[in-house]
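First up is the structure itself, then whatever we jot down about it.
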Amino acid sequence: MDREKITLTGAPETMLATLYARAIDSRTADPVLNDQAAAEAVDRIDYDFGKTGIEPATATSVALRGKLLDDWTRDFLTHHPEATVLHLACGL
């Protein structure tokens with residue numbers, strides 16, 4: 001598989017931390033989100049993910065935060081099916 005070299009700085013580069021955290025979570029024995037798309041994306045990107053500072057404990061925290069937001073949104077939409085959800089500045 002060819003890896004694509006990317007060069008990002010600033011806010012766009014910080015999005016890689018979330019992507020990497022979700023990928024790490026998906027590779028654990030008991031993933032919170034099991035985001036296989038994140039794992040596949042990380043495998044295709046030529047980037048030093050060590051620069052993100054993400055470690056397994058941090059990855060779990062990121063995944064738990066994502067799951068909590070997903071759960072809150074699902075619950076809200078169950079009770080308000082006519083609602084529109086607008087997801088701004090969410091990273092990945």
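Letters A, B, ... mark the chains of the structure tokens in the order given; residue numbers begin at 1 per chain; ligand numbers begin at 1, in order shown.
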
Do a neighbour search on range 66-74 of chain A at 10 Å with only C-alpha atoms, toss out local chain neighbours closer than 3 positions, and write the hits as a PDB file with N, CA and C atoms, in the first residue's frame.
ATOM      1  N   THR A  18      -6.741  13.517  16.684  1.00  0.00           N
ATOM      2  CA  THR A  18      -8.022  12.835  16.870  1.00  0.00           C
ATOM      3  C   THR A  18      -8.096  11.597  15.996  1.00  0.00           C
ATOM      4  N   ARG A  22      -8.386   7.711  17.426  1.00  0.00           N
ATOM      5  CA  ARG A  22      -9.456   6.791  17.031  1.00  0.00           C
ATOM      6  C   ARG A  22      -8.877   5.522  16.410  1.00  0.00           C
ATOM      7  N   VAL A  32     -13.644   1.266  22.058  1.00  0.00           N
ATOM      8  CA  VAL A  32     -14.824   2.055  22.407  1.00  0.00           C
ATOM      9  C   VAL A  32     -15.625   2.360  21.149  1.00  0.00           C
ATOM     10  N   LEU A  33     -14.957   2.836  20.116  1.00  0.00           N
ATOM     11  CA  LEU A  33     -15.626   3.211  18.871  1.00  0.00           C
ATOM     12  C   LEU A  33     -15.400   2.218  17.734  1.00  0.00           C
ATOM     13  N   THR A  60      -8.018   6.400  24.461  1.00  0.00           N
ATOM     14  CA  THR A  60      -9.265   5.951  25.082  1.00  0.00           C
ATOM     15  C   THR A  60     -10.113   7.135  25.505  1.00  0.00           C
ATOM     16  N   SER A  61      -9.485   8.162  26.043  1.00  0.00           N
ATOM     17  CA  SER A  61     -10.225   9.367  26.440  1.00  0.00           C
ATOM     18  C   SER A  61     -10.884  10.038  25.242  1.00  0.00           C
ATOM     19  N   VAL A  62     -10.154  10.124  24.142  1.00  0.00           N
ATOM     20  CA  VAL A  62     -10.709  10.724  22.921  1.00  0.00           C
ATOM     21  C   VAL A  62     -11.897   9.893  22.428  1.00  0.00           C
ATOM     22  N   ALA A  63     -11.745   8.577  22.433  1.00  0.00           N
ATOM     23  CA  ALA A  63     -12.828   7.704  21.976  1.00  0.00           C
ATOM     24  C   ALA A  63     -14.041   7.794  22.899  1.00  0.00           C
ATOM     25  N   LEU A  77     -31.979  13.057  19.365  1.00  0.00           N
ATOM     26  CA  LEU A  77     -32.745  12.835  18.135  1.00  0.00           C
ATOM     27  C   LEU A  77     -33.885  11.840  18.329  1.00  0.00           C
ATOM     28  N   THR A  78     -33.733  10.920  19.271  1.00  0.00           N
ATOM     29  CA  THR A  78     -34.825  10.003  19.586  1.00  0.00           C
ATOM     30  C   THR A  78     -36.017  10.771  20.146  1.00  0.00           C
ATOM     31  N   HIS A  79     -35.716  11.755  20.977  1.00  0.00           N
ATOM     32  CA  HIS A  79     -36.778  12.548  21.601  1.00  0.00           C
ATOM     33  C   HIS A  79     -37.219  13.742  20.752  1.00  0.00           C
ATOM     34  N   HIS A  80     -36.431  14.117  19.781  1.00  0.00           N
ATOM     35  CA  HIS A  80     -36.736  15.269  18.912  1.00  0.00           C
ATOM     36  C   HIS A  80     -36.424  14.902  17.459  1.00  0.00           C
ATOM     37  N   PRO A  81     -37.181  13.983  16.863  1.00  0.00           N
ATOM     38  CA  PRO A  81     -36.852  13.501  15.515  1.00  0.00           C
ATOM     39  C   PRO A  81     -36.916  14.577  14.435  1.00  0.00           C
ATOM     40  N   VAL A  85     -29.217  18.483  13.286  1.00  0.00           N
ATOM     41  CA  VAL A  85     -27.950  18.543  14.008  1.00  0.00           C
ATOM     42  C   VAL A  85     -26.915  19.199  13.092  1.00  0.00           C
ATOM     43  N   CYS A  90     -15.659  20.158  14.552  1.00  0.00           N
ATOM     44  CA  CYS A  90     -15.660  18.876  15.257  1.00  0.00           C
ATOM     45  C   CYS A  90     -14.369  18.096  15.092  1.00  0.00           C
ATOM     46  N   LEU A  92     -12.315  15.379  13.573  1.00  0.00           N
ATOM     47  CA  LEU A  92     -12.710  14.182  12.810  1.00  0.00           C
ATOM     48  C   LEU A  92     -13.608  13.314  13.645  1.00  0.00           C
TER      49      LEU A  92
END

Give me, as a Markdown table, the closest atom pair and its distance (Å, one decimal) for every residue of range 21-76 of chain A within a cut-off of 12 Å of range 4-13 of chain A, counting only C-alpha atoms, rows sorted by chain and rising number.
| residue | atom | partner | partner_atom | distance |
| --- | --- | --- | --- | --- |
| A:Ala41 | CA | A:Glu4 | CA | 10.0 |
| A:Val42 | CA | A:Glu4 | CA | 10.0 |
| A:Asp43 | CA | A:Glu4 | CA | 9.5 |
| A:Arg44 | CA | A:Glu4 | CA | 6.1 |
| A:Ile45 | CA | A:Glu4 | CA | 5.0 |
| A:Asp46 | CA | A:Lys5 | CA | 4.5 |
| A:Tyr47 | CA | A:Lys5 | CA | 6.6 |
| A:Asp48 | CA | A:Ile6 | CA | 10.0 |
| A:Phe49 | CA | A:Glu13 | CA | 10.3 |
| A:Lys51 | CA | A:Glu13 | CA | 9.9 |
| A:Thr52 | CA | A:Glu13 | CA | 8.7 |

Seminar exercise, completed: From CA of Asp35 in chain A to CA of Ala23 in chain A the spacing works out at 6.4 Å

Problem set entry | Nearest-residue call for Met15 in chain A, choices A:Ala57, A:Leu86, A:Ala38, A:Ala29, using only C-alpha atoms | A:Ala38

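In this structure, CA of Glu55 in chain A sits 8.2 Å away from CA of Ile24 in chain A.
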
For this session: Go ahead and compute the interatomic distance for CA of Ser26 in chain A and CA of Phe76 in chain A, in Å to one decimal.
Result: 26.0 Å

Exercise. Can you list every residue in chain A that DSSP puts in strand (DSSP E), as a count of residues only?
Worked result: 4

Problem set entry | Filtered DSSP result for range 3-92 of chain A, state helix (DSSP H, G or I), as an MDAnalysis selection string | chainID A and resid 10:26 36:44 49:52 56:79
